[in-house]
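Take a look at the structure set out below.
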2 protein chains.
Amino acid sequence: MNWLDDIRWDEQGLVPVIAQEASTGDVLMFAWMNREALARTAEIGEAVYWSRSRSRLWHKGEESGHIQKVLDIRLDCDNDVVLLKIEQLGHEPGIACHTGRHSCFFQRHEGDQWVAVDPVLKDPERIYK
Amino acid sequence: MNWLDDIRWDEQGLVPVIAQEASTGDVLMFAWMNREALARTAEIGEAVYWSRSRSRLWHKGEESGHIQKVLDIRLDCDNDVVLLKIEQLGHEPGIACHTGRHSCFFQRHEGDQWVAVDPVLKDPERIYK
């Protein structure tokens, strides 16, 4: 029995993945994995996602250097969502978002709008150079 | 301009939602919302999801009493994932999972299998009676 067979992959063969920083508890990002991505993640101990926009494996940090070291892999009660506990490498404090912010969830609902409330830690032009 | 229009709803009109306990940082569950569910969540300050299995609005806790009080609503950089910071009501410590556990993410990847590592806090037969 393979642990990858226990997962209820969706009709595209994907599973949603939440990346949470282990040290702070901060939810840093959300992405998708296919079977190969999750197998690779477990094998190398670094987050490898499936890029739906580019239709290829995406070793997080391959361009930015913002690698995610995987400390723990969790599966939910319905076997269809994965939670990674990670250490966000490459910058201090960690940068997971392509906008140069710590977390992708930097927009807060306030009244009838979304307000960007978290600072840019590094200019994206300097990240992706 | 309506803040709900800023969200990139998927082809089914849904957005993935992560519920995180504000006090502990624990990721408790993952679910989906449609436009009406998110509007209602903001209106009443309690999590209302869209149940894909039952095809109806699902006011979390309506049967179990395990209501989620919403403290903060966040949106990610791509405008297609929502993060709720919540207080999990109805039991101490909070129970978000239908299995009677604190979090839905109680299965840990160990070797070639998933191991349930978190305790059942309340028998589901006593929750859904």
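We label chains A, B, ... in the order they appear in the structure tokens, count residues from 1 in each chain, and number ligands from 1 in the order shown.
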*Which residues of chain B are close to chain A, meaning at most 7 Å apart when you count only C-alpha atoms, and how do they look as a count of residues only?*
18
_Taking the DSSP secondary structure from the backbone, can you list the residues of segment 16-99 of chain A that are helix (DSSP H, G or I), as a ChimeraX atom specification?_
/A:35-44
With all heavy atoms retained, could you export that selection as a compact mmCIF listing (two decimals), in the first residue's frame?
```
# COMPACT_ATOMS: atom_id res chain seq x y z
N ARG A 35 0.60 13.93 -7.94
CA ARG A 35 1.23 12.79 -7.27
C ARG A 35 2.77 12.89 -7.30
O ARG A 35 3.44 12.66 -6.31
CB ARG A 35 0.75 11.51 -7.96
CG ARG A 35 1.18 10.23 -7.27
CD ARG A 35 0.70 9.02 -8.08
NE ARG A 35 1.21 7.81 -7.49
CZ ARG A 35 0.50 7.02 -6.66
NH1 ARG A 35 -0.73 7.32 -6.37
NH2 ARG A 35 1.05 5.94 -6.15
N GLU A 36 3.28 13.27 -8.45
CA GLU A 36 4.73 13.36 -8.61
C GLU A 36 5.31 14.46 -7.71
O GLU A 36 6.38 14.30 -7.12
CB GLU A 36 5.06 13.63 -10.08
CG GLU A 36 6.54 13.58 -10.39
CD GLU A 36 6.84 13.91 -11.86
OE1 GLU A 36 5.88 14.13 -12.63
OE2 GLU A 36 8.03 13.97 -12.21
N ALA A 37 4.59 15.58 -7.61
CA ALA A 37 5.06 16.69 -6.79
C ALA A 37 5.13 16.29 -5.31
O ALA A 37 6.12 16.61 -4.62
CB ALA A 37 4.14 17.90 -6.97
N LEU A 38 4.11 15.60 -4.84
CA LEU A 38 4.11 15.21 -3.43
C LEU A 38 5.17 14.14 -3.16
O LEU A 38 5.86 14.18 -2.12
CB LEU A 38 2.71 14.72 -3.02
CG LEU A 38 2.55 14.35 -1.54
CD1 LEU A 38 3.04 15.45 -0.61
CD2 LEU A 38 1.09 14.02 -1.24
N ALA A 39 5.33 13.21 -4.09
CA ALA A 39 6.36 12.19 -3.93
C ALA A 39 7.74 12.84 -3.86
O ALA A 39 8.58 12.50 -3.01
CB ALA A 39 6.30 11.20 -5.10
N ARG A 40 7.96 13.81 -4.75
CA ARG A 40 9.24 14.51 -4.81
C ARG A 40 9.47 15.33 -3.54
O ARG A 40 10.60 15.38 -3.01
CB ARG A 40 9.25 15.41 -6.05
CG ARG A 40 10.57 16.07 -6.33
CD ARG A 40 11.45 15.24 -7.25
NE ARG A 40 12.74 15.94 -7.46
CZ ARG A 40 13.92 15.45 -7.08
NH1 ARG A 40 14.00 14.26 -6.51
NH2 ARG A 40 15.02 16.14 -7.27
N THR A 41 8.42 15.98 -3.06
CA THR A 41 8.49 16.77 -1.83
C THR A 41 8.96 15.90 -0.66
O THR A 41 9.85 16.28 0.11
CB THR A 41 7.10 17.38 -1.50
OG1 THR A 41 6.76 18.32 -2.52
CG2 THR A 41 7.11 18.07 -0.15
N ALA A 42 8.36 14.73 -0.54
CA ALA A 42 8.72 13.82 0.55
C ALA A 42 10.16 13.31 0.37
O ALA A 42 10.90 13.14 1.35
CB ALA A 42 7.75 12.65 0.60
N GLU A 43 10.53 13.11 -0.87
CA GLU A 43 11.85 12.54 -1.17
C GLU A 43 12.98 13.51 -0.84
O GLU A 43 13.97 13.14 -0.19
CB GLU A 43 11.90 12.19 -2.67
CG GLU A 43 13.17 11.52 -3.13
CD GLU A 43 13.19 11.37 -4.66
OE1 GLU A 43 12.13 11.51 -5.30
OE2 GLU A 43 14.29 11.15 -5.20
N ILE A 44 12.82 14.78 -1.25
CA ILE A 44 13.92 15.73 -1.07
C ILE A 44 13.74 16.60 0.18
O ILE A 44 14.66 17.31 0.56
CB ILE A 44 14.13 16.63 -2.31
CG1 ILE A 44 12.95 17.60 -2.52
CG2 ILE A 44 14.37 15.78 -3.55
CD1 ILE A 44 13.20 18.63 -3.63
```
_as a PyMOL selection string, please: every residue in segment 3-106 of chain B that DSSP puts in strand (DSSP E)._
chain B and resi 14-21+27-34+48-51+56-59+68-75+82-88
_Using only C-alpha atoms, which protein or nucleic acid residues come within 6 Å of segment 45-55 of chain A? Drop anything in the same chain fewer than 5 positions from it, and give the result as a ChimeraX atom specification._
/A:32-33,37,60,68-70
Fit chain B to chain A: least squares, all C-alpha atoms, paired in order; write the output as a short mmCIF file (atom, residue, chain, number, x, y, z; two decimals) with N, CA and C atoms, in the first residue's frame.
```
data_model
loop_
_atom_site.label_atom_id
_atom_site.label_comp_id
_atom_site.auth_asym_id
_atom_site.auth_seq_id
_atom_site.Cartn_x
_atom_site.Cartn_y
_atom_site.Cartn_z
N MET B 1 0.81 -1.19 -0.02
CA MET B 1 -0.05 0.02 0.00
C MET B 1 0.84 1.27 0.00
N ASN B 2 0.60 2.14 -0.94
CA ASN B 2 1.38 3.36 -1.05
C ASN B 2 0.61 4.52 -0.42
N TRP B 3 1.30 5.30 0.42
CA TRP B 3 0.64 6.43 1.09
C TRP B 3 0.06 7.42 0.09
N LEU B 4 0.62 7.46 -1.12
CA LEU B 4 0.09 8.38 -2.13
C LEU B 4 -1.26 7.92 -2.67
N ASP B 5 -1.52 6.61 -2.55
CA ASP B 5 -2.82 6.08 -3.00
C ASP B 5 -3.95 6.44 -2.04
N ASP B 6 -3.59 6.80 -0.81
CA ASP B 6 -4.62 7.16 0.17
C ASP B 6 -5.25 8.53 -0.12
N ILE B 7 -4.56 9.32 -0.92
CA ILE B 7 -5.05 10.67 -1.19
C ILE B 7 -6.15 10.66 -2.24
N ARG B 8 -7.18 11.44 -1.97
CA ARG B 8 -8.27 11.57 -2.94
C ARG B 8 -7.92 12.72 -3.89
N TRP B 9 -7.19 12.39 -4.93
CA TRP B 9 -6.81 13.38 -5.93
C TRP B 9 -8.06 13.87 -6.65
N ASP B 10 -8.09 15.14 -7.02
CA ASP B 10 -9.29 15.65 -7.70
C ASP B 10 -9.30 15.21 -9.15
N GLU B 11 -10.28 15.67 -9.90
CA GLU B 11 -10.45 15.20 -11.28
C GLU B 11 -9.27 15.57 -12.18
N GLN B 12 -8.49 16.59 -11.74
CA GLN B 12 -7.26 16.92 -12.49
C GLN B 12 -6.03 16.20 -11.91
N GLY B 13 -6.26 15.35 -10.94
CA GLY B 13 -5.12 14.64 -10.34
C GLY B 13 -4.34 15.50 -9.37
N LEU B 14 -5.01 16.52 -8.81
CA LEU B 14 -4.33 17.45 -7.91
C LEU B 14 -4.92 17.41 -6.51
N VAL B 15 -4.13 17.91 -5.56
CA VAL B 15 -4.61 18.07 -4.20
C VAL B 15 -4.19 19.48 -3.74
N PRO B 16 -5.09 20.21 -3.03
CA PRO B 16 -4.71 21.52 -2.51
C PRO B 16 -3.74 21.38 -1.35
N VAL B 17 -2.79 22.31 -1.28
CA VAL B 17 -1.74 22.25 -0.27
C VAL B 17 -1.60 23.60 0.44
N ILE B 18 -1.60 23.57 1.75
CA ILE B 18 -1.39 24.75 2.58
C ILE B 18 0.02 24.69 3.13
N ALA B 19 0.78 25.78 3.00
CA ALA B 19 2.13 25.82 3.58
C ALA B 19 2.12 26.75 4.79
N GLN B 20 2.46 26.18 5.93
CA GLN B 20 2.44 26.92 7.20
C GLN B 20 3.85 26.95 7.78
N GLU B 21 4.29 28.13 8.18
CA GLU B 21 5.61 28.26 8.79
C GLU B 21 5.57 27.62 10.18
N ALA B 22 6.45 26.66 10.40
CA ALA B 22 6.40 25.90 11.66
C ALA B 22 6.71 26.78 12.87
N SER B 23 7.68 27.66 12.74
CA SER B 23 8.14 28.43 13.91
C SER B 23 7.14 29.49 14.36
N THR B 24 6.40 30.07 13.42
CA THR B 24 5.47 31.16 13.75
C THR B 24 4.01 30.75 13.69
N GLY B 25 3.72 29.67 12.97
CA GLY B 25 2.34 29.28 12.74
C GLY B 25 1.69 30.05 11.60
N ASP B 26 2.41 30.97 10.99
CA ASP B 26 1.83 31.78 9.91
C ASP B 26 1.53 30.92 8.68
N VAL B 27 0.34 31.11 8.13
CA VAL B 27 0.01 30.48 6.86
C VAL B 27 0.66 31.32 5.77
N LEU B 28 1.58 30.73 5.02
CA LEU B 28 2.37 31.50 4.06
C LEU B 28 1.79 31.47 2.65
N MET B 29 1.32 30.32 2.23
CA MET B 29 0.80 30.23 0.87
C MET B 29 -0.09 29.01 0.69
N PHE B 30 -0.69 28.97 -0.47
CA PHE B 30 -1.57 27.88 -0.86
C PHE B 30 -1.22 27.53 -2.30
N ALA B 31 -1.08 26.25 -2.59
CA ALA B 31 -0.77 25.84 -3.96
C ALA B 31 -1.34 24.43 -4.18
N TRP B 32 -0.92 23.81 -5.27
CA TRP B 32 -1.44 22.50 -5.63
C TRP B 32 -0.29 21.53 -5.86
N MET B 33 -0.55 20.27 -5.65
CA MET B 33 0.41 19.22 -5.98
C MET B 33 -0.28 18.12 -6.76
N ASN B 34 0.47 17.51 -7.67
CA ASN B 34 0.03 16.24 -8.22
C ASN B 34 0.83 15.13 -7.51
N ARG B 35 0.59 13.93 -7.93
CA ARG B 35 1.23 12.79 -7.26
C ARG B 35 2.75 12.88 -7.30
N GLU B 36 3.27 13.27 -8.45
CA GLU B 36 4.72 13.36 -8.61
C GLU B 36 5.30 14.46 -7.71
N ALA B 37 4.59 15.57 -7.61
CA ALA B 37 5.07 16.69 -6.80
C ALA B 37 5.13 16.29 -5.32
N LEU B 38 4.11 15.59 -4.85
CA LEU B 38 4.10 15.20 -3.44
C LEU B 38 5.17 14.13 -3.16
N ALA B 39 5.32 13.21 -4.10
CA ALA B 39 6.36 12.18 -3.94
C ALA B 39 7.74 12.84 -3.86
N ARG B 40 7.96 13.81 -4.76
CA ARG B 40 9.25 14.50 -4.81
C ARG B 40 9.47 15.33 -3.54
N THR B 41 8.42 15.98 -3.06
CA THR B 41 8.49 16.77 -1.82
C THR B 41 8.96 15.90 -0.66
N ALA B 42 8.35 14.73 -0.54
CA ALA B 42 8.72 13.82 0.54
C ALA B 42 10.15 13.30 0.37
N GLU B 43 10.53 13.11 -0.88
CA GLU B 43 11.85 12.53 -1.18
C GLU B 43 12.98 13.51 -0.83
N ILE B 44 12.82 14.78 -1.25
CA ILE B 44 13.92 15.73 -1.07
C ILE B 44 13.75 16.61 0.17
N GLY B 45 12.56 16.56 0.80
CA GLY B 45 12.35 17.36 2.00
C GLY B 45 12.21 18.85 1.73
N GLU B 46 11.86 19.19 0.49
CA GLU B 46 11.61 20.58 0.10
C GLU B 46 10.33 20.61 -0.73
N ALA B 47 9.57 21.72 -0.60
CA ALA B 47 8.26 21.78 -1.26
C ALA B 47 8.41 21.85 -2.77
N VAL B 48 7.76 20.90 -3.44
CA VAL B 48 7.66 20.89 -4.90
C VAL B 48 6.17 20.87 -5.24
N TYR B 49 5.72 21.93 -5.91
CA TYR B 49 4.31 22.04 -6.25
C TYR B 49 4.09 21.74 -7.73
N TRP B 50 2.81 21.69 -8.10
CA TRP B 50 2.44 21.62 -9.50
C TRP B 50 1.93 23.01 -9.89
N SER B 51 2.62 23.62 -10.82
CA SER B 51 2.19 24.93 -11.31
C SER B 51 1.08 24.73 -12.33
N ARG B 52 -0.13 25.17 -11.98
CA ARG B 52 -1.24 25.02 -12.92
C ARG B 52 -1.10 25.97 -14.10
N SER B 53 -0.50 27.15 -13.86
CA SER B 53 -0.36 28.12 -14.96
C SER B 53 0.72 27.69 -15.96
N ARG B 54 1.76 27.03 -15.46
CA ARG B 54 2.85 26.63 -16.34
C ARG B 54 2.82 25.14 -16.68
N SER B 55 1.87 24.42 -16.06
CA SER B 55 1.73 22.97 -16.31
C SER B 55 3.05 22.23 -16.18
N ARG B 56 3.72 22.49 -15.07
CA ARG B 56 4.95 21.74 -14.81
C ARG B 56 5.24 21.73 -13.31
N LEU B 57 6.12 20.83 -12.90
CA LEU B 57 6.55 20.80 -11.51
C LEU B 57 7.26 22.11 -11.20
N TRP B 58 7.07 22.57 -9.99
CA TRP B 58 7.62 23.86 -9.58
C TRP B 58 8.29 23.66 -8.22
N HIS B 59 9.61 23.57 -8.24
CA HIS B 59 10.36 23.46 -7.01
C HIS B 59 10.43 24.86 -6.40
N LYS B 60 9.61 25.08 -5.41
CA LYS B 60 9.49 26.42 -4.80
C LYS B 60 10.88 26.96 -4.42
N GLY B 61 11.20 28.15 -4.91
CA GLY B 61 12.50 28.74 -4.63
C GLY B 61 13.52 28.53 -5.73
N GLU B 62 13.13 27.80 -6.78
CA GLU B 62 14.08 27.48 -7.85
C GLU B 62 14.62 28.76 -8.52
N GLU B 63 13.79 29.81 -8.57
CA GLU B 63 14.25 31.09 -9.11
C GLU B 63 14.61 32.08 -8.01
N SER B 64 13.78 32.13 -6.99
CA SER B 64 13.92 33.15 -5.95
C SER B 64 14.95 32.78 -4.88
N GLY B 65 15.24 31.48 -4.78
CA GLY B 65 16.06 31.01 -3.67
C GLY B 65 15.25 30.81 -2.40
N HIS B 66 13.96 31.10 -2.47
CA HIS B 66 13.11 30.99 -1.28
C HIS B 66 12.55 29.58 -1.13
N ILE B 67 13.46 28.67 -0.88
CA ILE B 67 13.17 27.25 -0.70
C ILE B 67 12.35 27.03 0.57
N GLN B 68 11.46 26.04 0.52
CA GLN B 68 10.70 25.67 1.72
C GLN B 68 11.14 24.29 2.20
N LYS B 69 11.81 24.27 3.32
CA LYS B 69 12.22 23.01 3.93
C LYS B 69 11.01 22.39 4.64
N VAL B 70 10.70 21.16 4.32
CA VAL B 70 9.48 20.54 4.83
C VAL B 70 9.78 19.75 6.10
N LEU B 71 9.09 20.13 7.19
CA LEU B 71 9.31 19.48 8.48
C LEU B 71 8.25 18.43 8.79
N ASP B 72 7.07 18.61 8.22
CA ASP B 72 5.95 17.74 8.56
C ASP B 72 4.95 17.80 7.41
N ILE B 73 4.38 16.66 7.07
CA ILE B 73 3.33 16.60 6.04
C ILE B 73 2.09 16.02 6.69
N ARG B 74 1.02 16.77 6.64
CA ARG B 74 -0.24 16.34 7.24
C ARG B 74 -1.33 16.18 6.18
N LEU B 75 -2.28 15.32 6.47
CA LEU B 75 -3.42 15.09 5.58
C LEU B 75 -4.69 15.26 6.39
N ASP B 76 -5.72 15.81 5.77
CA ASP B 76 -6.96 16.09 6.53
C ASP B 76 -7.85 14.85 6.61
N CYS B 77 -8.94 15.00 7.34
CA CYS B 77 -9.86 13.90 7.62
C CYS B 77 -10.51 13.31 6.38
N ASP B 78 -10.66 14.11 5.32
CA ASP B 78 -11.26 13.61 4.08
C ASP B 78 -10.21 13.13 3.09
N ASN B 79 -8.95 13.15 3.48
CA ASN B 79 -7.85 12.70 2.62
C ASN B 79 -7.75 13.50 1.32
N ASP B 80 -8.19 14.76 1.35
CA ASP B 80 -8.13 15.53 0.11
C ASP B 80 -7.51 16.93 0.25
N VAL B 81 -6.85 17.20 1.37
CA VAL B 81 -6.11 18.46 1.54
C VAL B 81 -4.83 18.14 2.32
N VAL B 82 -3.71 18.72 1.87
CA VAL B 82 -2.42 18.51 2.53
C VAL B 82 -1.98 19.79 3.22
N LEU B 83 -1.41 19.64 4.40
CA LEU B 83 -0.84 20.77 5.15
C LEU B 83 0.64 20.48 5.36
N LEU B 84 1.48 21.41 4.89
CA LEU B 84 2.93 21.30 5.11
C LEU B 84 3.33 22.22 6.25
N LYS B 85 4.13 21.71 7.18
CA LYS B 85 4.80 22.57 8.16
C LYS B 85 6.20 22.79 7.61
N ILE B 86 6.54 24.03 7.38
CA ILE B 86 7.80 24.31 6.67
C ILE B 86 8.66 25.34 7.39
N GLU B 87 9.92 25.36 6.97
CA GLU B 87 10.82 26.44 7.32
C GLU B 87 11.10 27.20 6.02
N GLN B 88 10.79 28.49 6.03
CA GLN B 88 10.93 29.29 4.81
C GLN B 88 12.35 29.84 4.74
N LEU B 89 13.14 29.30 3.80
CA LEU B 89 14.55 29.66 3.70
C LEU B 89 14.80 30.83 2.72
N GLY B 90 16.02 31.35 2.74
CA GLY B 90 16.45 32.29 1.71
C GLY B 90 16.38 33.75 2.08
N HIS B 91 15.71 34.07 3.16
CA HIS B 91 15.61 35.46 3.62
C HIS B 91 15.17 35.40 5.07
N GLU B 92 15.54 36.42 5.82
CA GLU B 92 15.14 36.48 7.22
C GLU B 92 14.53 37.85 7.51
N PRO B 93 13.22 37.95 7.85
CA PRO B 93 12.27 36.84 7.95
C PRO B 93 11.92 36.24 6.59
N GLY B 94 11.34 35.06 6.63
CA GLY B 94 11.02 34.32 5.41
C GLY B 94 10.10 35.07 4.46
N ILE B 95 10.35 34.88 3.18
CA ILE B 95 9.50 35.44 2.13
C ILE B 95 8.92 34.28 1.32
N ALA B 96 7.61 34.12 1.37
CA ALA B 96 6.97 33.06 0.57
C ALA B 96 6.28 33.63 -0.65
N CYS B 97 5.92 34.91 -0.61
CA CYS B 97 5.07 35.50 -1.65
C CYS B 97 5.92 36.12 -2.77
N HIS B 98 5.44 35.99 -4.00
CA HIS B 98 6.16 36.56 -5.15
C HIS B 98 6.14 38.09 -5.13
N THR B 99 5.31 38.68 -4.27
CA THR B 99 5.29 40.14 -4.13
C THR B 99 6.39 40.62 -3.19
N GLY B 100 7.15 39.67 -2.62
CA GLY B 100 8.22 40.03 -1.68
C GLY B 100 7.76 40.14 -0.25
N ARG B 101 6.55 39.66 0.00
CA ARG B 101 6.02 39.68 1.37
C ARG B 101 6.22 38.33 2.06
N HIS B 102 6.13 38.37 3.37
CA HIS B 102 6.26 37.16 4.18
C HIS B 102 5.23 36.11 3.76
N SER B 103 3.98 36.50 3.74
CA SER B 103 2.87 35.60 3.43
C SER B 103 2.10 36.12 2.23
N CYS B 104 1.50 35.19 1.50
CA CYS B 104 0.63 35.60 0.39
C CYS B 104 -0.68 36.22 0.89
N PHE B 105 -1.00 36.00 2.15
CA PHE B 105 -2.30 36.46 2.66
C PHE B 105 -2.17 37.82 3.33
N PHE B 106 -1.79 38.81 2.53
CA PHE B 106 -1.49 40.14 3.06
C PHE B 106 -2.64 41.12 2.87
N GLN B 107 -3.71 40.66 2.23
CA GLN B 107 -4.86 41.55 2.02
C GLN B 107 -5.94 41.26 3.06
N ARG B 108 -6.32 42.28 3.80
CA ARG B 108 -7.32 42.13 4.86
C ARG B 108 -8.65 42.77 4.44
N HIS B 109 -9.71 42.07 4.74
CA HIS B 109 -11.03 42.61 4.47
C HIS B 109 -11.35 43.70 5.50
N GLU B 110 -11.57 44.92 4.98
CA GLU B 110 -11.93 46.05 5.85
C GLU B 110 -13.08 46.78 5.19
N GLY B 111 -14.23 46.70 5.82
CA GLY B 111 -15.42 47.37 5.26
C GLY B 111 -15.80 46.75 3.94
N ASP B 112 -15.75 47.52 2.86
CA ASP B 112 -16.12 46.98 1.55
C ASP B 112 -14.92 46.84 0.62
N GLN B 113 -13.72 46.70 1.22
CA GLN B 113 -12.54 46.57 0.37
C GLN B 113 -11.48 45.67 1.00
N TRP B 114 -10.48 45.34 0.20
CA TRP B 114 -9.30 44.59 0.65
C TRP B 114 -8.15 45.58 0.78
N VAL B 115 -7.47 45.53 1.92
CA VAL B 115 -6.38 46.46 2.19
C VAL B 115 -5.09 45.66 2.39
N ALA B 116 -4.03 46.01 1.66
CA ALA B 116 -2.73 45.36 1.83
C ALA B 116 -2.13 45.86 3.14
N VAL B 117 -2.00 44.96 4.12
CA VAL B 117 -1.61 45.40 5.47
C VAL B 117 -0.21 44.93 5.88
N ASP B 118 0.42 44.08 5.06
CA ASP B 118 1.75 43.58 5.42
C ASP B 118 2.82 44.17 4.50
N PRO B 119 4.01 44.43 5.03
CA PRO B 119 5.04 45.12 4.24
C PRO B 119 5.74 44.23 3.22
N VAL B 120 6.22 44.86 2.16
CA VAL B 120 7.11 44.19 1.20
C VAL B 120 8.50 44.14 1.83
N LEU B 121 9.03 42.93 1.98
CA LEU B 121 10.33 42.76 2.65
C LEU B 121 11.50 42.87 1.67
N LYS B 122 11.22 42.57 0.40
CA LYS B 122 12.26 42.65 -0.63
C LYS B 122 11.59 42.93 -1.96
N ASP B 123 12.14 43.86 -2.71
CA ASP B 123 11.60 44.24 -4.01
C ASP B 123 11.60 43.02 -4.95
N PRO B 124 10.44 42.65 -5.52
CA PRO B 124 10.39 41.49 -6.42
C PRO B 124 11.40 41.59 -7.57
N GLU B 125 11.72 42.80 -7.99
CA GLU B 125 12.71 42.93 -9.08
C GLU B 125 14.10 42.48 -8.63
N ARG B 126 14.32 42.53 -7.34
CA ARG B 126 15.60 42.04 -6.83
C ARG B 126 15.52 40.54 -6.53
N ILE B 127 14.30 40.03 -6.33
CA ILE B 127 14.15 38.59 -6.09
C ILE B 127 14.31 37.82 -7.40
N TYR B 128 13.62 38.30 -8.44
CA TYR B 128 13.61 37.58 -9.74
C TYR B 128 14.46 38.35 -10.74
N LYS B 129 15.75 38.31 -10.57
CA LYS B 129 16.64 39.10 -11.42
C LYS B 129 17.41 38.18 -12.38
#
```
